$ cat my_file.tsv   # TSV, C-alpha atoms
chain	number	residue	atom	x	y	z
D	1	MET	CA	0.00	0.00	0.00
D	2	GLY	CA	1.06	3.52	-0.63
D	3	ALA	CA	1.22	6.51	1.65
D	4	ALA	CA	-1.41	6.82	4.33
D	5	LEU	CA	-4.47	8.89	3.57
D	6	ARG	CA	-5.82	11.94	5.31
D	7	VAL	CA	-9.54	11.59	5.78
D	8	SER	CA	-12.37	13.44	7.49
D	9	ALA	CA	-15.24	12.29	9.70
D	10	GLY	CA	-17.53	12.08	6.68
D	11	ALA	CA	-15.12	10.29	4.39
D	12	VAL	CA	-17.01	7.02	3.92
D	13	ALA	CA	-19.47	7.33	1.04
D	14	GLY	CA	-22.80	5.80	1.92
D	15	LEU	CA	-22.59	6.55	5.64
D	16	PRO	CA	-24.03	9.55	7.50
D	17	GLN	CA	-21.73	12.57	7.65
D	18	ARG	CA	-21.31	14.18	11.05
D	19	ASP	CA	-18.88	16.58	12.70
D	20	ARG	CA	-18.15	13.90	15.30
D	21	CYS	CA	-17.52	10.19	15.59
D	22	LEU	CA	-20.45	8.12	14.35
D	23	VAL	CA	-22.50	5.98	16.73
D	24	MET	CA	-23.67	2.56	15.55
D	25	GLY	CA	-26.45	0.97	17.59
D	26	ILE	CA	-26.41	-2.81	18.05
D	27	LEU	CA	-29.51	-4.86	17.29
D	28	ASN	CA	-29.02	-8.59	17.84
D	29	VAL	CA	-31.91	-10.69	16.53
D	30	THR	CA	-30.44	-13.83	18.09
D	31	PRO	CA	-31.23	-16.09	21.04
D	32	ASP	CA	-27.63	-16.36	22.23
D	33	SER	CA	-25.74	-13.06	21.95
D	34	PHE	CA	-23.64	-12.39	25.04
D	35	SER	CA	-25.49	-9.27	26.17
D	36	ASP	CA	-29.06	-9.27	24.89
D	37	GLY	CA	-29.60	-12.68	23.31
D	38	GLY	CA	-33.29	-13.42	22.95
D	39	SER	CA	-34.47	-9.90	23.74
D	40	TYR	CA	-35.25	-9.03	20.12
D	41	LEU	CA	-35.74	-12.39	18.43
D	42	ASP	CA	-39.40	-11.51	17.79
D	43	VAL	CA	-39.59	-9.47	14.56
D	44	PRO	CA	-42.02	-6.74	15.72
D	45	ARG	CA	-40.00	-6.26	18.91
D	46	ALA	CA	-36.76	-6.08	16.91
D	47	ILE	CA	-38.23	-3.45	14.57
D	48	GLU	CA	-39.44	-1.47	17.58
D	49	GLN	CA	-35.96	-1.61	19.13
D	50	GLY	CA	-34.29	-0.56	15.87
D	51	LEU	CA	-36.57	2.45	15.61
D	52	ALA	CA	-35.84	3.27	19.25
D	53	LEU	CA	-32.09	3.14	18.62
D	54	ALA	CA	-32.51	5.54	15.70
D	55	ALA	CA	-34.72	7.83	17.77
D	56	ASP	CA	-32.04	7.83	20.48
D	57	GLY	CA	-29.58	9.18	17.91
D	58	ALA	CA	-27.89	6.14	16.40
D	59	ASP	CA	-26.38	7.10	13.05
D	60	ILE	CA	-26.46	3.44	11.96
D	61	VAL	CA	-28.40	0.46	13.28
D	62	ASP	CA	-26.37	-2.74	12.89
D	63	ILE	CA	-28.51	-5.89	12.63
D	64	GLY	CA	-27.03	-9.32	13.31
D	65	GLY	CA	-28.70	-12.72	13.11
D	66	GLU	CA	-25.80	-14.91	14.23
D	67	SER	CA	-23.99	-14.58	17.53
D	68	THR	CA	-20.21	-14.25	17.33
D	69	ARG	CA	-19.54	-14.49	21.07
D	70	PRO	CA	-16.82	-16.95	22.15
D	71	GLY	CA	-18.10	-20.49	21.79
D	72	ALA	CA	-21.12	-19.54	19.66
D	73	ARG	CA	-22.28	-22.12	17.12
D	74	PRO	CA	-22.96	-21.36	13.44
D	75	VAL	CA	-26.53	-20.64	12.37
D	76	PRO	CA	-28.07	-22.22	9.25
D	77	LEU	CA	-28.20	-19.73	6.41
D	78	ASP	CA	-31.98	-19.83	6.02
D	79	GLU	CA	-32.42	-19.17	9.74
D	80	GLU	CA	-30.08	-16.18	9.69
D	81	LEU	CA	-31.94	-14.80	6.66
D	82	SER	CA	-35.34	-15.25	8.30
D	83	ARG	CA	-34.14	-13.40	11.40
D	84	VAL	CA	-32.62	-10.37	9.74
D	85	LEU	CA	-34.42	-9.66	6.48
D	86	PRO	CA	-37.81	-8.54	7.83
D	87	VAL	CA	-36.09	-6.22	10.28
D	88	VAL	CA	-33.67	-4.79	7.69
D	89	ARG	CA	-36.53	-4.20	5.27
D	90	GLU	CA	-38.78	-2.37	7.72
D	91	LEU	CA	-36.06	-0.21	9.26
D	92	ALA	CA	-34.69	0.78	5.84
D	93	ARG	CA	-38.24	1.60	4.73
D	94	ALA	CA	-38.51	3.87	7.78
D	95	GLY	CA	-35.39	5.78	6.68
D	96	VAL	CA	-32.92	4.22	9.12
D	97	THR	CA	-29.35	3.70	7.91
D	98	VAL	CA	-28.98	-0.05	8.38
D	99	GLY	CA	-25.87	-2.19	8.62
D	100	ILE	CA	-25.92	-5.97	8.24
D	101	ASP	CA	-23.65	-7.81	10.66
D	102	THR	CA	-22.85	-11.08	8.88
D	103	MET	CA	-19.99	-13.28	7.71
D	104	HIS	CA	-22.02	-14.75	4.85
D	105	ALA	CA	-22.13	-13.29	1.38
D	106	ALA	CA	-25.64	-14.58	0.69
D	107	VAL	CA	-26.98	-12.83	3.78
D	108	ALA	CA	-25.10	-9.65	2.91
D	109	ARG	CA	-26.50	-9.66	-0.64
D	110	ALA	CA	-30.07	-10.28	0.50
D	111	ALA	CA	-29.83	-7.61	3.19
D	112	LEU	CA	-28.42	-5.07	0.74
D	113	ASP	CA	-31.29	-5.87	-1.61
D	114	ALA	CA	-33.66	-5.26	1.32
D	115	GLY	CA	-32.19	-1.82	1.96
D	116	ALA	CA	-29.06	-2.23	4.10
D	117	ALA	CA	-26.35	0.34	3.44
D	118	LEU	CA	-23.33	-1.27	5.11
D	119	VAL	CA	-21.79	-4.72	5.53
D	120	ASN	CA	-20.11	-5.41	8.87
D	121	ASP	CA	-18.15	-8.67	8.58
D	122	VAL	CA	-16.41	-9.80	11.75
D	123	SER	CA	-14.33	-12.24	9.72
D	124	GLY	CA	-13.00	-9.54	7.39
D	125	GLY	CA	-13.90	-11.69	4.40
D	126	LEU	CA	-12.10	-14.81	5.64
D	127	ALA	CA	-15.20	-16.85	6.47
D	128	ASP	CA	-16.75	-16.66	3.00
D	129	PRO	CA	-14.66	-16.21	-0.17
D	130	LEU	CA	-17.72	-14.79	-1.93
D	131	MET	CA	-17.96	-11.84	0.45
D	132	ALA	CA	-15.27	-9.73	-1.23
D	133	PRO	CA	-16.80	-9.88	-4.72
D	134	THR	CA	-20.24	-9.31	-3.20
D	135	VAL	CA	-19.33	-6.08	-1.44
D	136	ALA	CA	-17.13	-5.00	-4.34
D	137	ALA	CA	-20.07	-5.29	-6.73
D	138	ALA	CA	-22.41	-3.53	-4.32
D	139	GLY	CA	-20.02	-0.62	-3.75
D	140	VAL	CA	-21.14	-0.22	-0.13
D	141	PRO	CA	-19.08	0.52	2.99
D	142	TYR	CA	-17.44	-2.64	4.32
D	143	VAL	CA	-16.25	-3.06	7.92
D	144	VAL	CA	-13.23	-5.37	7.87
D	145	THR	CA	-12.56	-6.85	11.31
D	146	HIS	CA	-9.37	-8.48	12.55
D	147	TRP	CA	-10.26	-12.18	12.87
D	148	ARG	CA	-8.29	-15.37	13.21
D	149	ALA	CA	-10.79	-18.19	13.74
D	150	PRO	CA	-14.47	-19.03	14.26
D	151	SER	CA	-16.09	-18.33	17.61
D	152	SER	CA	-15.84	-21.97	18.65
D	153	GLU	CA	-12.04	-21.84	18.70
D	154	MET	CA	-10.98	-18.21	18.56
D	155	ASN	CA	-9.63	-18.09	22.12
D	156	LEU	CA	-7.07	-20.72	21.15
D	157	HIS	CA	-5.61	-18.19	18.71
D	158	ALA	CA	-5.16	-15.33	21.20
D	159	VAL	CA	-1.36	-15.54	21.00
D	160	TYR	CA	0.69	-12.56	19.81
D	161	GLY	CA	4.30	-11.47	19.75
D	162	ASP	CA	3.30	-7.79	19.66
D	163	VAL	CA	-0.47	-7.50	19.47
D	164	VAL	CA	-0.47	-4.05	17.85
D	165	ALA	CA	2.12	-4.92	15.22
D	166	ASP	CA	0.49	-8.28	14.54
D	167	VAL	CA	-3.04	-6.89	14.17
D	168	VAL	CA	-1.82	-4.04	11.95
D	169	ALA	CA	0.11	-6.47	9.74
D	170	GLU	CA	-2.79	-8.89	9.47
D	171	LEU	CA	-5.27	-6.14	8.63
D	172	ARG	CA	-2.87	-4.74	6.05
D	173	LEU	CA	-2.74	-8.16	4.41
D	174	ARG	CA	-6.54	-8.41	4.51
D	175	VAL	CA	-6.88	-5.05	2.76
D	176	GLU	CA	-4.40	-6.10	0.08
D	177	GLU	CA	-6.30	-9.34	-0.54
D	178	LEU	CA	-9.69	-7.63	-0.57
D	179	THR	CA	-8.64	-4.90	-2.96
D	180	ALA	CA	-7.12	-7.55	-5.22
D	181	CYS	CA	-10.63	-9.05	-5.32
D	182	GLY	CA	-12.09	-5.74	-6.45
D	183	VAL	CA	-13.06	-4.03	-3.19
D	184	ASP	CA	-12.49	-0.30	-3.52
D	185	GLU	CA	-10.24	1.14	-0.79
D	186	ARG	CA	-12.82	3.89	-0.31
D	187	GLN	CA	-15.32	1.28	0.89
D	188	ILE	CA	-13.15	-0.04	3.69
D	189	VAL	CA	-13.49	0.64	7.42
D	190	LEU	CA	-11.14	-1.24	9.76
D	191	ASP	CA	-12.06	-2.79	13.11
D	192	PRO	CA	-9.34	-4.15	15.46
D	193	GLY	CA	-11.68	-6.95	16.55
D	194	LEU	CA	-11.71	-6.40	20.29
D	195	GLY	CA	-12.53	-9.68	21.99
D	196	PHE	CA	-11.99	-11.75	18.85
D	197	ALA	CA	-9.03	-14.03	19.59
D	198	LYS	CA	-7.88	-11.46	22.14
D	199	ARG	CA	-7.35	-11.48	25.89
D	200	PRO	CA	-8.26	-8.39	27.94
D	201	ALA	CA	-4.67	-7.12	27.93
D	202	HIS	CA	-4.64	-7.35	24.13
D	203	ASP	CA	-7.86	-5.31	23.89
D	204	TRP	CA	-6.63	-2.53	26.15
D	205	THR	CA	-3.31	-2.38	24.32
D	206	LEU	CA	-5.04	-2.03	20.96
D	207	LEU	CA	-7.27	0.76	22.28
D	208	ALA	CA	-4.22	2.58	23.60
D	209	HIS	CA	-2.61	2.38	20.14
D	210	LEU	CA	-5.47	3.25	17.80
D	211	GLY	CA	-3.16	5.69	16.03
D	212	GLU	CA	-1.07	2.83	14.67
D	213	LEU	CA	-4.17	1.19	13.25
D	214	ARG	CA	-5.35	4.50	11.79
D	215	ASN	CA	-2.00	4.91	10.12
D	216	LEU	CA	-3.00	2.18	7.70
D	217	GLY	CA	-5.01	4.93	6.05
D	218	PHE	CA	-8.60	3.87	6.72
D	219	PRO	CA	-11.40	4.96	9.05
D	220	VAL	CA	-11.53	2.85	12.21
D	221	LEU	CA	-14.56	1.38	13.97
D	222	VAL	CA	-14.29	0.45	17.65
D	223	GLY	CA	-16.65	-2.19	19.03
D	224	ALA	CA	-15.99	-2.35	22.77
D	225	SER	CA	-19.48	-2.10	24.20
D	226	ARG	CA	-20.20	-4.36	27.18
D	227	LYS	CA	-17.43	-6.77	26.20
D	228	SER	CA	-15.78	-9.08	28.70
D	229	PHE	CA	-12.52	-7.13	28.85
D	230	ILE	CA	-14.52	-4.20	30.27
D	231	GLY	CA	-16.29	-6.54	32.68
D	232	ALA	CA	-12.96	-7.99	33.79
D	233	MET	CA	-11.58	-4.52	34.44
D	234	LEU	CA	-14.63	-3.51	36.49
D	235	GLY	CA	-14.70	-6.84	38.31
D	236	GLY	CA	-11.06	-6.92	39.30
D	237	GLY	CA	-10.30	-9.62	36.77
D	238	ASP	CA	-13.64	-11.42	37.00
D	239	ALA	CA	-15.85	-10.45	34.06
D	240	ALA	CA	-18.62	-12.78	35.25
D	241	GLY	CA	-19.07	-10.66	38.35
D	242	VAL	CA	-20.19	-7.64	36.33
D	243	PRO	CA	-23.19	-8.36	34.07
D	244	PRO	CA	-23.09	-6.86	30.57
D	245	ALA	CA	-25.73	-4.20	31.21
D	246	ALA	CA	-23.68	-2.95	34.18
D	247	ARG	CA	-20.80	-2.15	31.83
D	248	ASP	CA	-22.52	0.72	29.99
D	249	ALA	CA	-20.88	3.63	31.83
D	250	ALA	CA	-17.43	2.17	31.25
D	251	SER	CA	-18.35	1.45	27.63
D	252	ALA	CA	-19.30	5.09	27.15
D	253	ALA	CA	-15.95	6.11	28.62
D	254	VAL	CA	-14.23	3.95	26.02
D	255	SER	CA	-16.39	5.59	23.34
D	256	ALA	CA	-15.23	9.04	24.45
D	257	LEU	CA	-11.57	8.05	24.51
D	258	ALA	CA	-11.78	6.23	21.18
D	259	ALA	CA	-13.52	9.18	19.54
D	260	ALA	CA	-10.99	11.62	20.97
D	261	GLY	CA	-8.29	9.36	19.57
D	262	GLY	CA	-9.71	9.51	16.06
D	263	ALA	CA	-12.14	6.59	15.79
D	264	HIS	CA	-14.58	7.08	12.93
D	265	CYS	CA	-17.38	5.09	14.57
D	266	VAL	CA	-18.19	3.32	17.83
D	267	ARG	CA	-20.53	0.32	17.94
D	268	VAL	CA	-22.62	0.29	21.14
D	269	HIS	CA	-25.66	-1.02	22.97
D	270	ASP	CA	-26.45	2.17	24.93
D	271	VAL	CA	-26.76	4.82	22.24
D	272	PRO	CA	-27.59	7.95	24.33
D	273	ALA	CA	-24.57	7.54	26.62
D	274	SER	CA	-22.12	7.00	23.78
D	275	LEU	CA	-23.67	9.80	21.72
D	276	ASP	CA	-22.98	12.15	24.62
D	277	ALA	CA	-19.49	10.65	24.91
D	278	VAL	CA	-18.53	11.27	21.30
D	279	ARG	CA	-19.93	14.80	21.47
D	280	VAL	CA	-17.69	15.40	24.47
D	281	ALA	CA	-14.75	14.10	22.46
D	282	ALA	CA	-15.56	16.46	19.57
D	283	ALA	CA	-15.81	19.41	21.96
D	284	TRP	CA	-12.57	18.33	23.66
D	285	ASN	CA	-10.68	18.30	20.37
D	286	ALA	CA	-12.20	21.45	18.87
D	287	PRO	CA	-10.27	24.07	20.92
D	288	LEU	CA	-7.06	22.26	20.04
D	289	GLY	CA	-7.84	22.51	16.35
D	290	ARG	CA	-7.70	18.75	15.98
D	291	PRO	CA	-9.63	17.21	13.09
D	292	LEU	CA	-11.65	14.18	14.09
D	293	VAL	CA	-9.38	11.82	12.18
D	294	VAL	CA	-5.81	12.51	11.21
D	295	LEU	CA	-3.79	9.76	9.61
D	296	GLU	CA	-0.12	10.51	9.59
$ encode --input "my_file.tsv" --output "structure tokens"
Amino acid sequence: MGAALRVSAGAVAGLPQRDRCLVMGILNVTPDSFSDGGSYLDVPRAIEQGLALAADGADIVDIGGESTRPGARPVPLDEELSRVLPVVRELARAGVTVGIDTMHAAVARAALDAGAALVNDVSGGLADPLMAPTVAAAGVPYVVTHWRAPSSEMNLHAVYGDVVADVVAELRLRVEELTACGVDERQIVLDPGLGFAKRPAHDWTLLAHLGELRNLGFPVLVGASRKSFIGAMLGGGDAAGVPPAARDAASAAVSALAAAGGAHCVRVHDVPASLDAVRVAAAWNAPLGRPLVVLE
């Protein structure tokens, strides 16, 4: 890849343009997601929640029909489609900017046809070789996450020499392979994959070095909300002692710090708190004359 790019907060075509970090609201239409599994499996309830996230200020509502928590089992394709498509269709019809959280090209294609504007692939295109040509043809924003293995075995792969250098190198390789398959660089958003084949120390280290990830030349999405590394920090090393919903204040703090550090988007469960957090970050940076994202 050539020299790093200099981009602005509204640099990703197809996404809302704001003078602050974007806030992506999470909508899991699954029975087994780590935080809210089963809460929105019913289609009318899921649509209601998606509209509520948008009303709370979410710039994007990200809909997922397959849990990617550690140990989660794959979902049959027809089941994932039946979970997400009615919700995508109705939210898009209501004017909500919808993302589809999937590793499967067929689900991505169907969701885009139903009105989704973004593909968020936690495997970064590694789980399905058809994903790259699918998003390339669609010309939509594509979140490329650092990923090493399926949920059932990802913790076995949480071994790094230097987690920042390794993640940066692996994401660089992913970008090279994706662009060779036709994905336009202007479509790409990078995600360090917090919690995916990572121990808590790895996650905190990556957050502390977002600048090195940004130096690859792409907008960065941070998905830290309610994750176990936050629970472990709050619980003195025991994530199980702090239930996911009790991690929202700390998650908002991460949103503020990530936004102040140049993140393009944060992916969260509690939209109002993180919306306030990223507004604080924008106000914090403004007197210093700092643009929201500067890639050196």
$ residues_around --input "my_file.tsv" --residues "segment 92-102 of chain D" --least-positions-apart "2" --cutoff "7 Å" --atoms "only C-alpha atoms" --output "JSON, numbers by chain"
{"D": [54, 59, 60, 61, 62, 63, 64, 88, 89, 90, 104, 107, 108, 111, 115, 116, 117, 118, 119, 120, 121]}
$ closest_residue --input "my_file.tsv" --among "D:Pro272, D:Gly236, D:Gly124, D:Gly14" --to "Ala252 of chain D" --atoms "all atoms listed in the file"
D:Pro272
$ atom_distance --input "my_file.tsv" --atom1 "atom CA of Ala72 of chain D" --atom2 "atom CA of Pro243 of chain D"
18.4 Å
$ atom_distance --input "my_file.tsv" --atom1 "atom CA of Pro86 of chain D" --atom2 "atom CA of Val143 of chain D"
22.2 Å
$ residues_around --input "my_file.tsv" --residues "segment 173-188 of chain D" --least-positions-apart "3" --cutoff "7 Å" --atoms "only C-alpha atoms" --output "list in words"
Val12, Ala132, Pro133, Val135, Ala136, Gly139, Val140, Pro141, Tyr142, Val143, Val144, Ala169, Glu170 and Phe218 of chain D
$ write_last_selection --input "my_file.tsv" --atoms "C-alpha atoms" --output "compact mmCIF listing (two decimals), keeping the file's coordinate frame"
# COMPACT_ATOMS: atom_id res chain seq x y z
CA VAL D 12 -17.01 7.02 3.92
CA ALA D 132 -15.27 -9.73 -1.23
CA PRO D 133 -16.80 -9.88 -4.72
CA VAL D 135 -19.33 -6.08 -1.44
CA ALA D 136 -17.13 -5.00 -4.34
CA GLY D 139 -20.02 -0.62 -3.75
CA VAL D 140 -21.14 -0.22 -0.13
CA PRO D 141 -19.08 0.52 2.99
CA TYR D 142 -17.44 -2.64 4.32
CA VAL D 143 -16.25 -3.06 7.92
CA VAL D 144 -13.23 -5.37 7.87
CA ALA D 169 0.11 -6.47 9.74
CA GLU D 170 -2.79 -8.89 9.47
CA PHE D 218 -8.60 3.87 6.72
$ residues_around --input "my_file.tsv" --residues "Pro244 of chain D" --least-positions-apart "3" --cutoff "12 Å" --atoms "only C-alpha atoms" --output "ChimeraX atom specification"
/D:33-37,224-232,234-235,239-241,247-251,268-270
$ closest_residue --input "my_file.tsv" --among "D:Leu77, D:Cys265, D:Ala58, D:Val84" --to "Val29 of chain D" --atoms "all atoms listed in the file"
D:Val84
$ atom_distance --input "my_file.tsv" --atom1 "atom CA of Met154 of chain D" --atom2 "atom CA of Met103 of chain D"
14.9 Å
$ closest_residue --input "my_file.tsv" --among "D:Ala197, D:Pro44, D:Gly57, D:Gly237" --to "Val278 of chain D" --atoms "all atoms listed in the file"
D:Gly57
$ closest_residue --input "my_file.tsv" --among "D:Cys21, D:Pro129, D:Leu275, D:Val159" --to "Asp56 of chain D" --atoms "only C-alpha atoms"
D:Leu275
$ residues_around --input "my_file.tsv" --residues "Pro150 of chain D" --least-positions-apart "3" --cutoff "9 Å" --atoms "only C-alpha atoms" --output "list of chain:residue names"
D:Thr68, D:Pro70, D:Gly71, D:Ala72, D:Arg73, D:Pro74, D:Ser123, D:Ala127, D:Trp147, D:Glu153, D:Met154, D:Phe196
